[in-house]
Amino acid sequence: MMIRAKLVSRAASLAAAAAPLAARAEEESGWSQLNMTRGVTEMSRRIYDLHMTIFWVCVAIGVVVFGVMIWSLIAYRKSRGAVPDVTLVHNTKVEFAWTIVPVFILVAMAVPAARTLVEIEDTSKTELTVKVTGFQWGWQYDYLDDGVMYYSHLDRRSNAARELLSPIDPNTVPHYLLNVDQPFVVPVDTKVRLLITGADVIHSWWVPAFGVKKDAIPGFVNEAWFKVDADKPGLYRGQCAELCGRDHGFMPIVVDARSKADFAAWLKAKAAEQKQAAAPPAGAPATPPAAPPPPGNTSAS
Amino acid sequence: MAEALKHAEAHDDHDHKPHGWRRWVYATNHKDIGTMYLIFACTMFFIGGFLAMLIRLELFQPGLQFFDPQLFNSFTTMHALIMIFGAIMPAWVGLANWMIPMQVGAPDMALPRLNNLSFWILPFAFTLLLSSFFVPGGAPAGGWTMYPPLVLQTGASFPMLVFSIHLMGASSILGAINVIVTIMNMRAPAMTLLRMPLFVWSWLITAYLLIAVMPVLAGAVTMLLTDHFFGTTFFTAAGGGDPVMFQHIFWFFGHPEVYILILPAFGIISEVIPTFSRKPLFGYEAMVYAIASIAFLSFIVWAHHMFTVGMPLAAQLFFMLSTMLIAVPTGVKVFNWTATMWKGSLSFEPPMLFALAFLFLFTIGGFSGLMLAIVPADYQYQDTYFVVAHFHYVLVPGSIFGIIAGVYYWLPKWTGHMYDLKLATWHFWLSTIFVNVLFFPQHFLGLAGMPRRIPDYAVQFTDWNMVSSIGGFGFGLSQLLFPYIIWKCVRGGEPVGNRAWEGAHGLEWELPSPPPFHSWTTPPSEAVIARGAEH
């Protein structure tokens, strides 16, 4: 009986699936989600330009190659009386050309890609360093020079709506699965360096708008950096990009990019707040519980 | 003549052929073992496909409607393991068993008892793997790539995963040894290496790849096993190990593995396109060298699967350039296939239709592969649905369509009957349309920012996921036509002659359809081979 009721409700929810499409009018239409974001940093735009260049190169090659294929399919049909030219089995000039020309195209692509890569890897002259630790399942942000540290988890509304057979319709939850309790606050127009590591298993810190994706590996520290455009403060969302267990899909990243003055004020207030919370010995510990140790990993000890 | 043939076949029938269950359990005949491999692969294809349907069902809309995330992760992990090791690889070995002795002028495979062993390991390996769904903690859920430390959190199924991979590896290595020995030692005297059909060439190179990398995989999973149970710390930083080292070892196996899955398809396409273009393959030698170069390059590109782990700049540049280089021999192959059709006389029987779908759609997968080689862009693509779209374009319309093309090409030879061409054409159209509905939108999802291996997603990804799921259900259901068409053809149909297709060349077409139990009991003569070797 129970099972039957569940099945019926599942069927109903499937049938109603099309209806909520209209309900999320305030979000951008899903159909227009076709391409990579240009993002809000110099590097993310460079990456976008590389992506579009290689895309159009592929389209151009595709037009030629598919064109010849389609032409052959039309012109050389047996049903149209085509007679095979069985002597056409080898042509050194043509074969040489279609081996060499791609090499030139590839070199032409590799040069700008390598240039951009060199700049992405340059983590010198950074103005703010934050240690980012991925854990099962959330992120820890540690402002190393300012004594500020906090955790960032999936927000409560998404967390309630994402339960198996939850009665809450995800379409009614703002930024479903892409919202957190405490965003990662950074200043705009500042070269922010991230020191990325993992507490238990490998995670990956990814914010598409910054063009940054870097694995968070336990026992190792990776570096990445970004510099948000001065005129682009706002909230930027991303997700963990490396399978990290049961709730891999539920550890989003939200970056709150603020003007330099706002950021300085926030950091000061946050540092004072954490100092105060840590000072009196009475009361509950101020820091949220850390991630549980990975079960079953006997070698970790 | 027909009388004589019949007599010859009847004569063959009572030479040492066991009957009943013994024929299969004690099988040493290359055709019987090939058939068992193909049936096994088909079964696994439907089990793996069923898991894919469950994945697409959960992803039909946002929210979790059916499965706990852990179970969902088990589905993605098991789908990959079953499709790679249970469906595609055994299907290639099955086709190799059936065709290589016939194509090189041999009576059977060189090592028939080894052949029996390499097949019969597989059902045990997969019983072990599939039964892991029923042990505490459920089936492996750490992804088929088994990255530590996550995979070390697997429950009771962890040793089952490791041992089933050991078994699959042993089976593959034995199969590969058999293929190499057969090709090297059992060729008819006049069948020189550069007269061999490209399917044989592609399998020879594939077999060397298998022998080179399956032990690497076995070593990697053994290190996981000792890390888990015996206190070693190969992949644990706290004990001086490195989790990224596993990824390097795994992908040193994993990238050649990718070509193990696709090279035999190159061979089949190189047989099918000339047949239905009624024209020899363009640039035969270039095709052989291209396969060999791809195989060589496959050993020096592995780290392009892990650009985001934080490698030194020089390493990233090296792996970007070596990866881009693969486009050159792959391009040569595509251009040669196209040139084979140029000025040909084309007809569109089902094997040719699947080969054409391969040609167009594999090329699309090649383009996205080229995009993925660009390291800065890969930072945005890595671990998103763009990657899922890419490797499914090369594996489904690539490897799977290659297998289907091969089966439709040789099925009349195996059974002596022509199959239902109309139904097979329907199979082609449904598969080709739905495979694009299924996988093309996944490019959009990945570029728009949807990570892979997630059971639930942000609502802006709903529309394309729905389209993809509909394509998935359509593709899955259309595949049911395939075993039905084969079954019908085995049961009966219009008899075919030795040369089932007008433009077919090669030694297998010189044998009767169906061929005798022991393919070439006397080596074919120079004249017969020369006729067949018009590639």
# chains A, B, ... in the order shown; residues from 1 in each chain; ligands from 1
call {"tool": "residues_around", "arguments": {"residues": "range 454-471 of chain B", "least_positions_apart": "3", "cutoff": "7 Å", "atoms": "only C-alpha atoms", "output": "PyMOL selection string"}}
result
(chain A and resi 28-31+171+176-178+248-249) or (chain B and resi 56-64+69+72+434-435+437-439+441+445+451+474-475)
call {"tool": "write_last_selection", "arguments": {"atoms": "C-alpha atoms", "output": "tab-separated table (two decimals), in the first residue's frame"}}
result
chain	number	residue	atom	x	y	z
A	28	GLU	CA	17.18	32.73	-16.91
A	29	SER	CA	15.55	30.28	-19.32
A	30	GLY	CA	17.18	26.86	-19.32
A	31	TRP	CA	17.09	26.67	-23.11
A	171	ASN	CA	11.90	25.36	-8.55
A	176	TYR	CA	18.61	25.71	-5.60
A	177	LEU	CA	21.83	23.81	-4.81
A	178	LEU	CA	23.90	26.89	-5.63
A	248	HIS	CA	29.34	15.60	-3.86
A	249	GLY	CA	26.45	17.31	-5.62
B	56	ARG	CA	18.74	9.41	-16.80
B	57	LEU	CA	15.51	8.77	-14.87
B	58	GLU	CA	16.88	10.44	-11.75
B	59	LEU	CA	18.27	13.31	-13.84
B	60	PHE	CA	15.01	13.86	-15.69
B	61	GLN	CA	14.15	16.73	-13.34
B	62	PRO	CA	15.74	18.54	-10.37
B	63	GLY	CA	15.23	17.13	-6.90
B	64	LEU	CA	15.78	13.54	-5.84
B	69	PRO	CA	22.86	9.91	-3.83
B	72	PHE	CA	23.21	7.04	-7.74
B	434	PHE	CA	18.34	9.29	-30.30
B	435	VAL	CA	22.07	9.15	-29.62
B	437	VAL	CA	19.21	13.79	-28.67
B	438	LEU	CA	20.85	12.02	-25.73
B	439	PHE	CA	24.39	13.36	-25.88
B	441	PRO	CA	22.61	18.67	-25.19
B	445	LEU	CA	24.99	21.49	-19.92
B	451	PRO	CA	29.41	19.13	-13.06
B	474	GLY	CA	14.67	6.29	-26.86
B	475	PHE	CA	18.21	5.09	-27.47
call {"tool": "interface_residues", "arguments": {"of": "chain B", "to": "chain A", "cutoff": "6 Å", "atoms": "only C-alpha atoms", "output": "PyMOL selection string"}}
result
chain B and resi 63-65+69-70+149-150+152-153+231+237+279+282-283+308-310+338+342-347+367+376-377+379+383+444+447-448+451+454+458+460-461+463
call {"tool": "residues_around", "arguments": {"residues": "range 398-411 of chain B", "least_positions_apart": "6", "cutoff": "7 Å", "atoms": "only C-alpha atoms", "output": "PyMOL selection string"}}
result
chain B and resi 261-262+265+268-269+350-351+354-355+358+362
call {"tool": "closest_residue", "arguments": {"among": "B:His518, B:Arg453, B:His305, B:His505", "to": "His79 in chain B", "atoms": "only C-alpha atoms"}}
result
B:Arg453
call {"tool": "atom_distance", "arguments": {"atom1": "CA of Pro495 in chain B", "atom2": "CA of Ser525 in chain B"}}
result
26.5 Å
call {"tool": "closest_residue", "arguments": {"among": "A:Phe226, A:Tyr141, A:Tyr150, A:Phe135", "to": "Val188 in chain A", "atoms": "only C-alpha atoms"}}
result
A:Phe226
call {"tool": "residues_around", "arguments": {"residues": "Ala141 in chain B", "least_positions_apart": "4", "cutoff": "7 Å", "atoms": "only C-alpha atoms", "output": "compact mmCIF listing (two decimals) with N, CA and C atoms, in the first residue's frame"}}
result
# COMPACT_ATOMS: atom_id res chain seq x y z
N GLN B 70 24.06 8.09 -2.76
CA GLN B 70 25.09 7.05 -2.73
C GLN B 70 24.78 5.96 -3.77
N ASN B 73 25.58 7.23 -7.16
CA ASN B 73 27.01 7.13 -7.45
C ASN B 73 27.40 5.70 -7.80
N SER B 74 26.76 4.72 -7.15
CA SER B 74 27.01 3.33 -7.51
C SER B 74 26.61 3.07 -8.96
N THR B 77 29.21 4.54 -11.32
CA THR B 77 30.45 3.76 -11.25
C THR B 77 30.29 2.43 -11.97
call {"tool": "closest_residue", "arguments": {"among": "A:Ala60, A:Ile105, A:Ala265, A:Val148", "to": "Lys131 in chain A", "atoms": "only C-alpha atoms"}}
result
A:Val148
call {"tool": "atom_distance", "arguments": {"atom1": "CA of Ser124 in chain A", "atom2": "CA of Val192 in chain A"}}
result
10.3 Å
call {"tool": "atom_distance", "arguments": {"atom1": "CA of Leu321 in chain B", "atom2": "CA of Leu372 in chain B"}}
result
11.8 Å
call {"tool": "closest_atom_pairs", "arguments": {"of": "range 70-164 of chain B", "to": "range 43-46 of chain B", "cutoff": "7 Å", "atoms": "only C-alpha atoms", "output": "Markdown table"}}
result
| residue | atom | partner | partner_atom | distance |
| --- | --- | --- | --- | --- |
| B:Ile82 | CA | B:Met44 | CA | 6.3 |
| B:Met83 | CA | B:Phe45 | CA | 6.1 |
| B:Gly86 | CA | B:Met44 | CA | 5.5 |
| B:Ala87 | CA | B:Phe45 | CA | 5.0 |
call {"tool": "write_last_selection", "arguments": {"atoms": "C-alpha atoms", "output": "short mmCIF file (atom, residue, chain, number, x, y, z; two decimals), in the first residue's frame"}}
result
data_model
loop_
_atom_site.label_atom_id
_atom_site.label_comp_id
_atom_site.auth_asym_id
_atom_site.auth_seq_id
_atom_site.Cartn_x
_atom_site.Cartn_y
_atom_site.Cartn_z
CA ILE B 82 30.24 -2.78 -16.97
CA MET B 83 30.22 -0.94 -20.29
CA GLY B 86 31.93 -6.10 -19.72
CA ALA B 87 30.44 -4.85 -22.98
#
call {"tool": "residues_around", "arguments": {"residues": "range 242-253 of chain B", "least_positions_apart": "4", "cutoff": "10 Å", "atoms": "only C-alpha atoms", "output": "number ranges by chain"}}
result
A: 201-202, 217-220; B: 145-150, 209-210, 212-221, 223-224, 233-238, 257-258, 298-306, 309-311
call {"tool": "select_by_dssp", "arguments": {"residues": "range 63-291 of chain B", "states": "helix (DSSP H, G or I)", "output": "number ranges by chain"}}
result
B: 69-104, 112-134, 150-153, 158-185, 193-195, 198-229, 237-239, 243-277, 284-291
